[in-house]
$ cat final08.cif   # mmCIF, N, CA and C atoms and all ligand atoms
data_model
#
loop_
_atom_site.label_atom_id
_atom_site.label_comp_id
_atom_site.auth_asym_id
_atom_site.auth_seq_id
_atom_site.Cartn_x
_atom_site.Cartn_y
_atom_site.Cartn_z
N MET A 1 -46.40 8.32 -222.94
CA MET A 1 -46.38 6.93 -223.38
C MET A 1 -47.50 6.77 -224.40
N ASP A 2 -47.11 6.39 -225.61
CA ASP A 2 -48.06 6.27 -226.73
C ASP A 2 -48.01 4.82 -227.19
N TYR A 3 -49.10 4.12 -227.02
CA TYR A 3 -49.07 2.70 -227.36
C TYR A 3 -50.46 2.17 -227.70
N GLY A 4 -50.49 0.94 -228.14
CA GLY A 4 -51.77 0.33 -228.49
C GLY A 4 -51.62 -1.17 -228.59
N ALA A 5 -52.70 -1.81 -228.97
CA ALA A 5 -52.70 -3.26 -229.11
C ALA A 5 -53.34 -3.61 -230.45
N LEU A 6 -53.10 -4.85 -230.86
CA LEU A 6 -53.70 -5.36 -232.10
C LEU A 6 -54.54 -6.56 -231.70
N TYR A 7 -55.84 -6.53 -232.06
CA TYR A 7 -56.74 -7.62 -231.69
C TYR A 7 -57.61 -7.98 -232.87
N ASN A 8 -57.55 -9.22 -233.29
CA ASN A 8 -58.33 -9.69 -234.44
C ASN A 8 -58.21 -8.75 -235.64
N GLY A 9 -56.99 -8.24 -235.83
CA GLY A 9 -56.75 -7.40 -237.00
C GLY A 9 -57.04 -5.92 -236.80
N TYR A 10 -57.59 -5.55 -235.65
CA TYR A 10 -57.92 -4.15 -235.40
C TYR A 10 -56.93 -3.51 -234.43
N CYS A 11 -56.61 -2.26 -234.71
CA CYS A 11 -55.61 -1.52 -233.92
C CYS A 11 -56.26 -0.71 -232.81
N SER A 12 -55.46 -0.36 -231.83
CA SER A 12 -55.88 0.63 -230.84
C SER A 12 -54.71 1.57 -230.60
N ASP A 13 -55.00 2.69 -229.96
CA ASP A 13 -54.00 3.76 -229.84
C ASP A 13 -54.38 4.62 -228.64
N MET A 14 -53.42 4.88 -227.78
CA MET A 14 -53.67 5.78 -226.65
C MET A 14 -52.36 6.41 -226.19
N THR A 15 -52.47 7.55 -225.56
CA THR A 15 -51.29 8.23 -225.03
C THR A 15 -51.60 8.84 -223.66
N ARG A 16 -50.65 8.66 -222.74
CA ARG A 16 -50.72 9.37 -221.46
C ARG A 16 -49.36 9.99 -221.20
N THR A 17 -49.40 11.13 -220.51
CA THR A 17 -48.17 11.82 -220.12
C THR A 17 -48.07 11.76 -218.60
N VAL A 18 -46.94 11.33 -218.10
CA VAL A 18 -46.71 11.34 -216.65
C VAL A 18 -45.46 12.17 -216.38
N PHE A 19 -45.35 12.66 -215.16
CA PHE A 19 -44.21 13.49 -214.79
C PHE A 19 -43.24 12.69 -213.93
N LEU A 20 -41.98 12.81 -214.25
CA LEU A 20 -40.94 12.19 -213.43
C LEU A 20 -40.50 13.25 -212.41
N GLY A 21 -41.07 13.19 -211.22
CA GLY A 21 -40.81 14.23 -210.23
C GLY A 21 -41.78 15.37 -210.38
N LYS A 22 -41.77 16.25 -209.42
CA LYS A 22 -42.74 17.35 -209.40
C LYS A 22 -42.58 18.21 -210.66
N PRO A 23 -43.70 18.44 -211.38
CA PRO A 23 -43.59 19.19 -212.63
C PRO A 23 -43.33 20.67 -212.40
N ASP A 24 -42.59 21.24 -213.32
CA ASP A 24 -42.46 22.68 -213.44
C ASP A 24 -43.87 23.29 -213.48
N GLN A 25 -44.06 24.45 -212.85
CA GLN A 25 -45.40 25.08 -212.81
C GLN A 25 -45.96 25.33 -214.19
N LYS A 26 -45.08 25.72 -215.10
CA LYS A 26 -45.54 26.01 -216.46
C LYS A 26 -46.05 24.73 -217.13
N LEU A 27 -45.32 23.63 -216.89
CA LEU A 27 -45.74 22.35 -217.49
C LEU A 27 -47.04 21.85 -216.87
N GLU A 28 -47.22 22.14 -215.60
CA GLU A 28 -48.46 21.74 -214.94
C GLU A 28 -49.64 22.48 -215.58
N LYS A 29 -49.43 23.76 -215.88
CA LYS A 29 -50.47 24.55 -216.55
C LYS A 29 -50.70 24.01 -217.96
N VAL A 30 -49.62 23.66 -218.65
CA VAL A 30 -49.73 23.09 -220.00
C VAL A 30 -50.54 21.79 -219.95
N TYR A 31 -50.30 20.99 -218.91
CA TYR A 31 -51.06 19.74 -218.78
C TYR A 31 -52.55 20.03 -218.70
N LYS A 32 -52.90 21.03 -217.90
CA LYS A 32 -54.33 21.38 -217.73
C LYS A 32 -54.94 21.87 -219.04
N ILE A 33 -54.17 22.62 -219.80
CA ILE A 33 -54.68 23.12 -221.09
C ILE A 33 -54.91 21.96 -222.06
N VAL A 34 -53.95 21.04 -222.14
CA VAL A 34 -54.09 19.89 -223.04
C VAL A 34 -55.26 19.01 -222.59
N PHE A 35 -55.38 18.83 -221.28
CA PHE A 35 -56.49 18.04 -220.73
C PHE A 35 -57.83 18.67 -221.12
N ASP A 36 -57.93 19.98 -220.93
CA ASP A 36 -59.16 20.70 -221.27
C ASP A 36 -59.46 20.57 -222.76
N ALA A 37 -58.44 20.75 -223.59
CA ALA A 37 -58.62 20.63 -225.04
C ALA A 37 -59.04 19.21 -225.41
N GLN A 38 -58.46 18.23 -224.72
CA GLN A 38 -58.74 16.83 -225.06
C GLN A 38 -60.17 16.46 -224.71
N ILE A 39 -60.60 16.77 -223.48
CA ILE A 39 -61.95 16.34 -223.11
C ILE A 39 -63.02 17.12 -223.87
N THR A 40 -62.72 18.39 -224.16
CA THR A 40 -63.70 19.20 -224.89
C THR A 40 -63.83 18.72 -226.34
N ALA A 41 -62.69 18.44 -226.98
CA ALA A 41 -62.73 17.97 -228.37
C ALA A 41 -63.34 16.57 -228.45
N ALA A 42 -63.02 15.71 -227.47
CA ALA A 42 -63.59 14.35 -227.49
C ALA A 42 -65.11 14.42 -227.36
N ALA A 43 -65.59 15.34 -226.53
CA ALA A 43 -67.04 15.50 -226.37
C ALA A 43 -67.66 16.09 -227.63
N GLY A 44 -66.82 16.67 -228.48
CA GLY A 44 -67.31 17.31 -229.70
C GLY A 44 -67.28 16.42 -230.92
N VAL A 45 -66.90 15.16 -230.73
CA VAL A 45 -66.89 14.21 -231.87
C VAL A 45 -68.34 13.81 -232.16
N LYS A 46 -68.89 14.37 -233.22
CA LYS A 46 -70.30 14.14 -233.51
C LYS A 46 -70.51 13.82 -234.98
N LYS A 47 -71.50 13.00 -235.21
CA LYS A 47 -71.87 12.62 -236.58
C LYS A 47 -72.14 13.89 -237.40
N GLY A 48 -71.59 13.89 -238.63
CA GLY A 48 -71.86 15.00 -239.54
C GLY A 48 -70.82 16.09 -239.51
N LEU A 49 -70.00 16.14 -238.44
CA LEU A 49 -68.92 17.13 -238.41
C LEU A 49 -67.77 16.65 -239.27
N LYS A 50 -67.00 17.60 -239.81
CA LYS A 50 -65.79 17.25 -240.54
C LYS A 50 -64.63 17.17 -239.56
N GLY A 51 -63.61 16.42 -239.97
CA GLY A 51 -62.42 16.30 -239.13
C GLY A 51 -61.86 17.65 -238.71
N LYS A 52 -61.88 18.60 -239.63
CA LYS A 52 -61.29 19.92 -239.30
C LYS A 52 -62.14 20.68 -238.28
N ASP A 53 -63.44 20.40 -238.23
CA ASP A 53 -64.30 21.07 -237.23
C ASP A 53 -63.90 20.63 -235.83
N ILE A 54 -63.60 19.35 -235.68
CA ILE A 54 -63.25 18.82 -234.36
C ILE A 54 -61.83 19.25 -233.99
N ASP A 55 -60.93 19.21 -234.98
CA ASP A 55 -59.57 19.71 -234.76
C ASP A 55 -59.62 21.14 -234.22
N MET A 56 -60.52 21.94 -234.78
CA MET A 56 -60.59 23.36 -234.41
C MET A 56 -61.04 23.55 -232.96
N ILE A 57 -61.84 22.65 -232.44
CA ILE A 57 -62.28 22.76 -231.04
C ILE A 57 -61.05 22.78 -230.13
N ALA A 58 -60.15 21.81 -230.34
CA ALA A 58 -58.95 21.74 -229.51
C ALA A 58 -57.99 22.87 -229.83
N ARG A 59 -57.84 23.17 -231.12
CA ARG A 59 -56.88 24.19 -231.54
C ARG A 59 -57.25 25.56 -230.97
N ASN A 60 -58.54 25.86 -230.91
CA ASN A 60 -58.99 27.15 -230.36
C ASN A 60 -58.64 27.25 -228.88
N ILE A 61 -58.84 26.18 -228.14
CA ILE A 61 -58.55 26.21 -226.70
C ILE A 61 -57.06 26.42 -226.47
N ILE A 62 -56.24 25.70 -227.23
CA ILE A 62 -54.79 25.80 -227.05
C ILE A 62 -54.28 27.17 -227.52
N ALA A 63 -54.83 27.67 -228.60
CA ALA A 63 -54.40 28.99 -229.12
C ALA A 63 -54.81 30.10 -228.16
N ARG A 64 -55.99 29.98 -227.59
CA ARG A 64 -56.50 30.97 -226.65
C ARG A 64 -55.57 31.12 -225.45
N GLU A 65 -54.91 30.02 -225.09
CA GLU A 65 -53.98 30.04 -223.95
C GLU A 65 -52.56 30.44 -224.37
N GLY A 66 -52.39 30.71 -225.66
CA GLY A 66 -51.10 31.21 -226.13
C GLY A 66 -50.12 30.15 -226.62
N TYR A 67 -50.63 28.91 -226.81
CA TYR A 67 -49.72 27.83 -227.22
C TYR A 67 -50.03 27.29 -228.62
N GLY A 68 -50.73 28.07 -229.42
CA GLY A 68 -51.09 27.63 -230.77
C GLY A 68 -49.90 27.14 -231.58
N GLU A 69 -48.78 27.86 -231.43
CA GLU A 69 -47.57 27.50 -232.19
C GLU A 69 -46.94 26.19 -231.69
N ASN A 70 -47.33 25.77 -230.50
CA ASN A 70 -46.73 24.59 -229.89
C ASN A 70 -47.57 23.32 -230.10
N PHE A 71 -48.65 23.45 -230.87
CA PHE A 71 -49.50 22.30 -231.21
C PHE A 71 -49.31 22.07 -232.71
N GLY A 72 -48.25 21.34 -233.03
CA GLY A 72 -47.80 21.27 -234.41
C GLY A 72 -48.25 20.05 -235.19
N HIS A 73 -49.30 19.39 -234.74
CA HIS A 73 -49.78 18.21 -235.47
C HIS A 73 -51.30 18.20 -235.47
N GLY A 74 -51.86 17.31 -236.25
CA GLY A 74 -53.31 17.21 -236.29
C GLY A 74 -53.86 16.66 -234.98
N LEU A 75 -55.15 16.88 -234.75
CA LEU A 75 -55.78 16.45 -233.49
C LEU A 75 -55.88 14.93 -233.39
N GLY A 76 -56.09 14.25 -234.51
CA GLY A 76 -56.26 12.80 -234.42
C GLY A 76 -56.47 12.17 -235.79
N HIS A 77 -56.90 10.91 -235.76
CA HIS A 77 -57.00 10.12 -236.99
C HIS A 77 -57.93 8.95 -236.76
N GLY A 78 -58.43 8.40 -237.84
CA GLY A 78 -59.19 7.17 -237.73
C GLY A 78 -58.28 6.03 -237.29
N VAL A 79 -58.86 5.04 -236.62
CA VAL A 79 -58.14 3.82 -236.23
C VAL A 79 -58.99 2.63 -236.62
N GLY A 80 -58.36 1.62 -237.19
CA GLY A 80 -59.12 0.43 -237.57
C GLY A 80 -58.17 -0.67 -237.96
N LEU A 81 -58.24 -1.07 -239.24
CA LEU A 81 -57.31 -2.09 -239.74
C LEU A 81 -55.91 -1.49 -239.81
N GLU A 82 -55.84 -0.17 -240.00
CA GLU A 82 -54.57 0.56 -239.94
C GLU A 82 -54.56 1.39 -238.67
N ILE A 83 -53.33 1.62 -238.16
CA ILE A 83 -53.24 2.45 -236.95
C ILE A 83 -53.56 3.90 -237.25
N HIS A 84 -53.19 4.36 -238.44
CA HIS A 84 -53.53 5.73 -238.87
C HIS A 84 -54.30 5.62 -240.17
N GLU A 85 -55.56 5.98 -240.15
CA GLU A 85 -56.36 5.93 -241.38
C GLU A 85 -57.37 7.06 -241.38
N GLU A 86 -58.12 7.14 -242.45
CA GLU A 86 -59.17 8.16 -242.52
C GLU A 86 -60.25 7.82 -241.50
N PRO A 87 -60.98 8.78 -241.01
CA PRO A 87 -60.89 10.22 -241.32
C PRO A 87 -59.81 10.91 -240.48
N ARG A 88 -59.10 11.85 -241.09
CA ARG A 88 -58.11 12.64 -240.37
C ARG A 88 -58.81 13.76 -239.61
N LEU A 89 -58.41 13.94 -238.37
CA LEU A 89 -58.90 15.09 -237.60
C LEU A 89 -57.75 16.10 -237.59
N SER A 90 -57.73 16.94 -238.62
CA SER A 90 -56.66 17.91 -238.76
C SER A 90 -57.24 19.13 -239.46
N MET A 91 -56.41 20.14 -239.63
CA MET A 91 -56.89 21.36 -240.30
C MET A 91 -57.32 21.06 -241.73
N ALA A 92 -56.82 19.94 -242.29
CA ALA A 92 -57.15 19.57 -243.67
C ALA A 92 -58.23 18.48 -243.74
N GLY A 93 -58.79 18.11 -242.59
CA GLY A 93 -59.73 16.98 -242.55
C GLY A 93 -61.12 17.35 -243.06
N VAL A 94 -61.43 16.91 -244.28
CA VAL A 94 -62.73 17.26 -244.88
C VAL A 94 -63.73 16.11 -244.85
N LYS A 95 -63.30 14.92 -244.42
CA LYS A 95 -64.24 13.79 -244.36
C LYS A 95 -65.18 13.98 -243.17
N MET A 96 -66.42 13.56 -243.37
CA MET A 96 -67.43 13.74 -242.33
C MET A 96 -67.47 12.55 -241.38
N MET A 97 -67.76 12.82 -240.13
CA MET A 97 -67.90 11.77 -239.13
C MET A 97 -69.19 11.00 -239.40
N LYS A 98 -69.07 9.67 -239.38
CA LYS A 98 -70.24 8.80 -239.54
C LYS A 98 -70.30 7.86 -238.35
N ASN A 99 -71.50 7.45 -237.99
CA ASN A 99 -71.66 6.53 -236.86
C ASN A 99 -70.81 5.28 -237.06
N GLY A 100 -70.15 4.85 -236.00
CA GLY A 100 -69.34 3.64 -236.03
C GLY A 100 -67.88 3.89 -236.34
N MET A 101 -67.54 5.09 -236.82
CA MET A 101 -66.12 5.40 -237.03
C MET A 101 -65.43 5.49 -235.68
N VAL A 102 -64.18 5.05 -235.64
CA VAL A 102 -63.36 5.19 -234.42
C VAL A 102 -62.21 6.14 -234.75
N VAL A 103 -62.10 7.18 -233.95
CA VAL A 103 -61.05 8.18 -234.19
C VAL A 103 -60.30 8.45 -232.89
N THR A 104 -59.09 8.98 -233.03
CA THR A 104 -58.36 9.41 -231.84
C THR A 104 -58.52 10.91 -231.66
N VAL A 105 -58.41 11.32 -230.40
CA VAL A 105 -58.39 12.75 -230.05
C VAL A 105 -57.15 12.94 -229.19
N GLU A 106 -56.14 13.60 -229.75
CA GLU A 106 -54.82 13.62 -229.11
C GLU A 106 -54.08 14.95 -229.27
N PRO A 107 -54.64 16.00 -228.65
CA PRO A 107 -53.93 17.28 -228.70
C PRO A 107 -52.61 17.22 -227.92
N GLY A 108 -51.69 18.10 -228.24
CA GLY A 108 -50.42 18.16 -227.53
C GLY A 108 -49.83 19.56 -227.56
N ILE A 109 -49.02 19.83 -226.58
CA ILE A 109 -48.25 21.08 -226.53
C ILE A 109 -46.81 20.69 -226.20
N TYR A 110 -45.87 21.21 -226.97
CA TYR A 110 -44.45 20.86 -226.80
C TYR A 110 -43.64 22.14 -226.74
N ILE A 111 -42.80 22.28 -225.71
CA ILE A 111 -42.02 23.50 -225.53
C ILE A 111 -40.54 23.14 -225.49
N ASP A 112 -39.81 23.73 -226.43
CA ASP A 112 -38.36 23.48 -226.53
C ASP A 112 -37.68 23.70 -225.19
N GLY A 113 -36.88 22.75 -224.78
CA GLY A 113 -36.07 22.91 -223.58
C GLY A 113 -36.83 22.72 -222.29
N LEU A 114 -38.13 22.46 -222.37
CA LEU A 114 -38.92 22.29 -221.14
C LEU A 114 -39.60 20.92 -221.10
N GLY A 115 -40.40 20.63 -222.13
CA GLY A 115 -41.08 19.34 -222.16
C GLY A 115 -42.35 19.42 -222.97
N GLY A 116 -43.09 18.35 -222.93
CA GLY A 116 -44.32 18.32 -223.72
C GLY A 116 -45.37 17.47 -223.06
N VAL A 117 -46.60 17.68 -223.49
CA VAL A 117 -47.74 16.91 -222.98
C VAL A 117 -48.62 16.50 -224.15
N ARG A 118 -49.00 15.23 -224.16
CA ARG A 118 -50.03 14.79 -225.11
C ARG A 118 -50.93 13.81 -224.37
N ILE A 119 -52.22 13.91 -224.66
CA ILE A 119 -53.20 12.97 -224.09
C ILE A 119 -54.06 12.47 -225.25
N GLU A 120 -54.17 11.15 -225.36
CA GLU A 120 -54.89 10.55 -226.50
C GLU A 120 -55.87 9.48 -226.05
N ASP A 121 -57.10 9.63 -226.49
CA ASP A 121 -58.12 8.61 -226.30
C ASP A 121 -58.68 8.21 -227.66
N MET A 122 -59.27 7.02 -227.71
CA MET A 122 -60.05 6.61 -228.88
C MET A 122 -61.52 6.87 -228.60
N VAL A 123 -62.21 7.33 -229.64
CA VAL A 123 -63.61 7.75 -229.49
C VAL A 123 -64.42 7.15 -230.64
N VAL A 124 -65.59 6.62 -230.32
CA VAL A 124 -66.49 6.11 -231.36
C VAL A 124 -67.53 7.18 -231.67
N VAL A 125 -67.75 7.41 -232.95
CA VAL A 125 -68.79 8.36 -233.36
C VAL A 125 -70.15 7.69 -233.18
N LYS A 126 -71.02 8.34 -232.40
CA LYS A 126 -72.37 7.82 -232.19
C LYS A 126 -73.33 9.00 -232.07
N ASP A 127 -73.88 9.41 -233.20
CA ASP A 127 -74.75 10.60 -233.25
C ASP A 127 -74.09 11.77 -232.53
N ASN A 128 -74.79 12.33 -231.51
CA ASN A 128 -74.22 13.46 -230.77
C ASN A 128 -73.62 13.03 -229.45
N GLU A 129 -73.48 11.71 -229.25
CA GLU A 129 -73.00 11.21 -227.96
C GLU A 129 -71.78 10.32 -228.15
N PRO A 130 -70.62 10.95 -228.29
CA PRO A 130 -69.39 10.16 -228.51
C PRO A 130 -69.14 9.17 -227.38
N VAL A 131 -68.62 8.00 -227.74
CA VAL A 131 -68.31 6.98 -226.74
C VAL A 131 -66.78 6.92 -226.60
N ILE A 132 -66.31 7.22 -225.39
CA ILE A 132 -64.86 7.20 -225.15
C ILE A 132 -64.45 5.76 -224.83
N LEU A 133 -63.54 5.20 -225.64
CA LEU A 133 -63.13 3.80 -225.43
C LEU A 133 -61.98 3.66 -224.43
N THR A 134 -61.21 4.71 -224.27
CA THR A 134 -60.00 4.63 -223.43
C THR A 134 -60.37 4.99 -222.00
N SER A 135 -60.12 4.05 -221.08
CA SER A 135 -60.61 4.26 -219.72
C SER A 135 -59.51 4.64 -218.73
N SER A 136 -58.25 4.67 -219.15
CA SER A 136 -57.17 5.04 -218.23
C SER A 136 -57.36 6.47 -217.71
N THR A 137 -56.98 6.68 -216.47
CA THR A 137 -57.13 8.02 -215.87
C THR A 137 -56.36 9.08 -216.64
N LYS A 138 -56.89 10.30 -216.60
CA LYS A 138 -56.20 11.43 -217.21
C LYS A 138 -55.80 12.45 -216.13
N GLU A 139 -55.93 12.04 -214.87
CA GLU A 139 -55.43 12.90 -213.79
C GLU A 139 -53.91 13.06 -213.97
N LEU A 140 -53.40 14.20 -213.52
CA LEU A 140 -51.96 14.43 -213.60
C LEU A 140 -51.25 13.45 -212.66
N ILE A 141 -50.33 12.66 -213.22
CA ILE A 141 -49.64 11.64 -212.43
C ILE A 141 -48.16 11.98 -212.31
N VAL A 142 -47.66 11.96 -211.08
CA VAL A 142 -46.23 12.16 -210.82
C VAL A 142 -45.67 10.83 -210.34
N ILE A 143 -44.62 10.35 -210.99
CA ILE A 143 -44.00 9.09 -210.55
C ILE A 143 -42.56 9.31 -210.14
MN MN B 201 -52.66 8.30 -232.44
#
$ encode --input "final08.cif" --output "structure tokens"
Amino acid sequence: MDYGALYNGYCSDMTRTVFLGKPDQKLEKVYKIVFDAQITAAAGVKKGLKGKDIDMIARNIIAREGYGENFGHGLGHGVGLEIHEEPRLSMAGVKMMKNGMVVTVEPGIYIDGLGGVRIEDMVVVKDNEPVILTSSTKELIVI
């Protein structure tokens, strides 16, 4: 579920993945990999880094687990007056993180014929201590 709200002209964006019934073991493992990539990359949102540096944190974790080919989009994007704006957190992201920027961190893994997982939070750049704005749980949820 990928959604957001608009408040006083400013956008928000978040994504959670839930399972309808007990997940396939492989998908459960994929969830853990995406979760690990998400929290590690979110913790790596720091002033002075380029978008591609942060993208690489998540991409390395996912590739190390053998799913590099299944993460086919950028890690995230700026959010503000537009839902998708600079700075881009992608392999092509050359803009530097500055204090007060709000970006998303949303790695994903998608497997043909099986399913996919994406987890997205919004993060504020604040020196070396990123502030996570999205407070919804990221525990694996089965409904
Ligand atoms: Mn987004």
$ residues_near_ligand --input "final08.cif" --ligand "ligand MN 201 (chain B)" --cutoff "6.5 Å" --atoms "only N, CA and C atoms and all ligand atoms" --output "list in words"
Asp13, Met14, Gly76, His77 and Thr104 of chain A
$ closest_residue --input "final08.cif" --among "A:Gly74, A:Gly113, A:Gly21, A:Pro130" --to "Met91 in chain A" --atoms "only C-alpha atoms"
A:Gly74
$ atom_distance --input "final08.cif" --atom1 "CA of Gly9 in chain A" --atom2 "CA of Val131 in chain A"
21.1 Å
$ select_by_dssp --input "final08.cif" --residues "range 8-135 of chain A" --states "helix (DSSP H, G or I)" --output "tab-separated table (two decimals) with N, CA and C atoms, keeping the file's coordinate frame"
chain	number	residue	atom	x	y	z
A	25	GLN	N	-44.06	24.45	-212.85
A	25	GLN	CA	-45.40	25.08	-212.81
A	25	GLN	C	-45.96	25.33	-214.19
A	26	LYS	N	-45.08	25.72	-215.10
A	26	LYS	CA	-45.54	26.01	-216.46
A	26	LYS	C	-46.05	24.73	-217.13
A	27	LEU	N	-45.32	23.63	-216.89
A	27	LEU	CA	-45.74	22.35	-217.49
A	27	LEU	C	-47.04	21.85	-216.87
A	28	GLU	N	-47.22	22.14	-215.60
A	28	GLU	CA	-48.46	21.74	-214.94
A	28	GLU	C	-49.64	22.48	-215.58
A	29	LYS	N	-49.43	23.76	-215.88
A	29	LYS	CA	-50.47	24.55	-216.55
A	29	LYS	C	-50.70	24.01	-217.96
A	30	VAL	N	-49.62	23.66	-218.65
A	30	VAL	CA	-49.73	23.09	-220.00
A	30	VAL	C	-50.54	21.79	-219.95
A	31	TYR	N	-50.30	20.99	-218.91
A	31	TYR	CA	-51.06	19.74	-218.78
A	31	TYR	C	-52.55	20.03	-218.70
A	32	LYS	N	-52.90	21.03	-217.90
A	32	LYS	CA	-54.33	21.38	-217.73
A	32	LYS	C	-54.94	21.87	-219.04
A	33	ILE	N	-54.17	22.62	-219.80
A	33	ILE	CA	-54.68	23.12	-221.09
A	33	ILE	C	-54.91	21.96	-222.06
A	34	VAL	N	-53.95	21.04	-222.14
A	34	VAL	CA	-54.09	19.89	-223.04
A	34	VAL	C	-55.26	19.01	-222.59
A	35	PHE	N	-55.38	18.83	-221.28
A	35	PHE	CA	-56.49	18.04	-220.73
A	35	PHE	C	-57.83	18.67	-221.12
A	36	ASP	N	-57.93	19.98	-220.93
A	36	ASP	CA	-59.16	20.70	-221.27
A	36	ASP	C	-59.46	20.57	-222.76
A	37	ALA	N	-58.44	20.75	-223.59
A	37	ALA	CA	-58.62	20.63	-225.04
A	37	ALA	C	-59.04	19.21	-225.41
A	38	GLN	N	-58.46	18.23	-224.72
A	38	GLN	CA	-58.74	16.83	-225.06
A	38	GLN	C	-60.17	16.46	-224.71
A	39	ILE	N	-60.60	16.77	-223.48
A	39	ILE	CA	-61.95	16.34	-223.11
A	39	ILE	C	-63.02	17.12	-223.87
A	40	THR	N	-62.72	18.39	-224.16
A	40	THR	CA	-63.70	19.20	-224.89
A	40	THR	C	-63.83	18.72	-226.34
A	41	ALA	N	-62.69	18.44	-226.98
A	41	ALA	CA	-62.73	17.97	-228.37
A	41	ALA	C	-63.34	16.57	-228.45
A	42	ALA	N	-63.02	15.71	-227.47
A	42	ALA	CA	-63.59	14.35	-227.49
A	42	ALA	C	-65.11	14.42	-227.36
A	43	ALA	N	-65.59	15.34	-226.53
A	43	ALA	CA	-67.04	15.50	-226.37
A	43	ALA	C	-67.66	16.09	-227.63
A	51	GLY	N	-63.61	16.42	-239.97
A	51	GLY	CA	-62.42	16.30	-239.13
A	51	GLY	C	-61.86	17.65	-238.71
A	52	LYS	N	-61.88	18.60	-239.63
A	52	LYS	CA	-61.29	19.92	-239.30
A	52	LYS	C	-62.14	20.68	-238.28
A	53	ASP	N	-63.44	20.40	-238.23
A	53	ASP	CA	-64.30	21.07	-237.23
A	53	ASP	C	-63.90	20.63	-235.83
A	54	ILE	N	-63.60	19.35	-235.68
A	54	ILE	CA	-63.25	18.82	-234.36
A	54	ILE	C	-61.83	19.25	-233.99
A	55	ASP	N	-60.93	19.21	-234.98
A	55	ASP	CA	-59.57	19.71	-234.76
A	55	ASP	C	-59.62	21.14	-234.22
A	56	MET	N	-60.52	21.94	-234.78
A	56	MET	CA	-60.59	23.36	-234.41
A	56	MET	C	-61.04	23.55	-232.96
A	57	ILE	N	-61.84	22.65	-232.44
A	57	ILE	CA	-62.28	22.76	-231.04
A	57	ILE	C	-61.05	22.78	-230.13
A	58	ALA	N	-60.15	21.81	-230.34
A	58	ALA	CA	-58.95	21.74	-229.51
A	58	ALA	C	-57.99	22.87	-229.83
A	59	ARG	N	-57.84	23.17	-231.12
A	59	ARG	CA	-56.88	24.19	-231.54
A	59	ARG	C	-57.25	25.56	-230.97
A	60	ASN	N	-58.54	25.86	-230.91
A	60	ASN	CA	-58.99	27.15	-230.36
A	60	ASN	C	-58.64	27.25	-228.88
A	61	ILE	N	-58.84	26.18	-228.14
A	61	ILE	CA	-58.55	26.21	-226.70
A	61	ILE	C	-57.06	26.42	-226.47
A	62	ILE	N	-56.24	25.70	-227.23
A	62	ILE	CA	-54.79	25.80	-227.05
A	62	ILE	C	-54.28	27.17	-227.52
A	63	ALA	N	-54.83	27.67	-228.60
A	63	ALA	CA	-54.40	28.99	-229.12
A	63	ALA	C	-54.81	30.10	-228.16
A	64	ARG	N	-55.99	29.98	-227.59
A	64	ARG	CA	-56.50	30.97	-226.65
A	64	ARG	C	-55.57	31.12	-225.45
A	68	GLY	N	-50.73	28.07	-229.42
A	68	GLY	CA	-51.09	27.63	-230.77
A	68	GLY	C	-49.90	27.14	-231.58
A	69	GLU	N	-48.78	27.86	-231.43
A	69	GLU	CA	-47.57	27.50	-232.19
A	69	GLU	C	-46.94	26.19	-231.69
A	70	ASN	N	-47.33	25.77	-230.50
A	70	ASN	CA	-46.73	24.59	-229.89
A	70	ASN	C	-47.57	23.32	-230.10
$ atom_distance --input "final08.cif" --atom1 "atom N of Glu86 in chain A" --atom2 "CA of Tyr31 in chain A"
27.7 Å
$ residues_near_point --input "final08.cif" --point "(-43.4, 7.3, -209.5)" --cutoff "7 Å" --atoms "all atoms listed in the file" --output "MDAnalysis selection string"
chainID A and resid 19:21 142:143
$ atom_distance --input "final08.cif" --atom1 "CA of Thr134 in chain A" --atom2 "CA of Leu81 in chain A"
17.8 Å
$ residues_near_point --input "final08.cif" --point "(-57.5, 0.1, -230.2)" --cutoff "12 Å" --atoms "only C-alpha atoms" --output "NGL selection string"
:A and (2-15 or 78-84 or 102-104 or 120-124 or 132-135)
$ residues_around --input "final08.cif" --residues "Met96 in chain A" --least-positions-apart "3" --cutoff "12 Å" --atoms "only C-alpha atoms" --output "list of chain:residue names"
A:Val45, A:Lys46, A:Lys47, A:Gly48, A:Leu49, A:Lys50, A:Gly51, A:Lys52, A:Asp53, A:Ile54, A:Gly78, A:Glu86, A:Pro87, A:Arg88, A:Leu89, A:Ala92, A:Gly93, A:Asn99, A:Met101, A:Val103, A:Val125
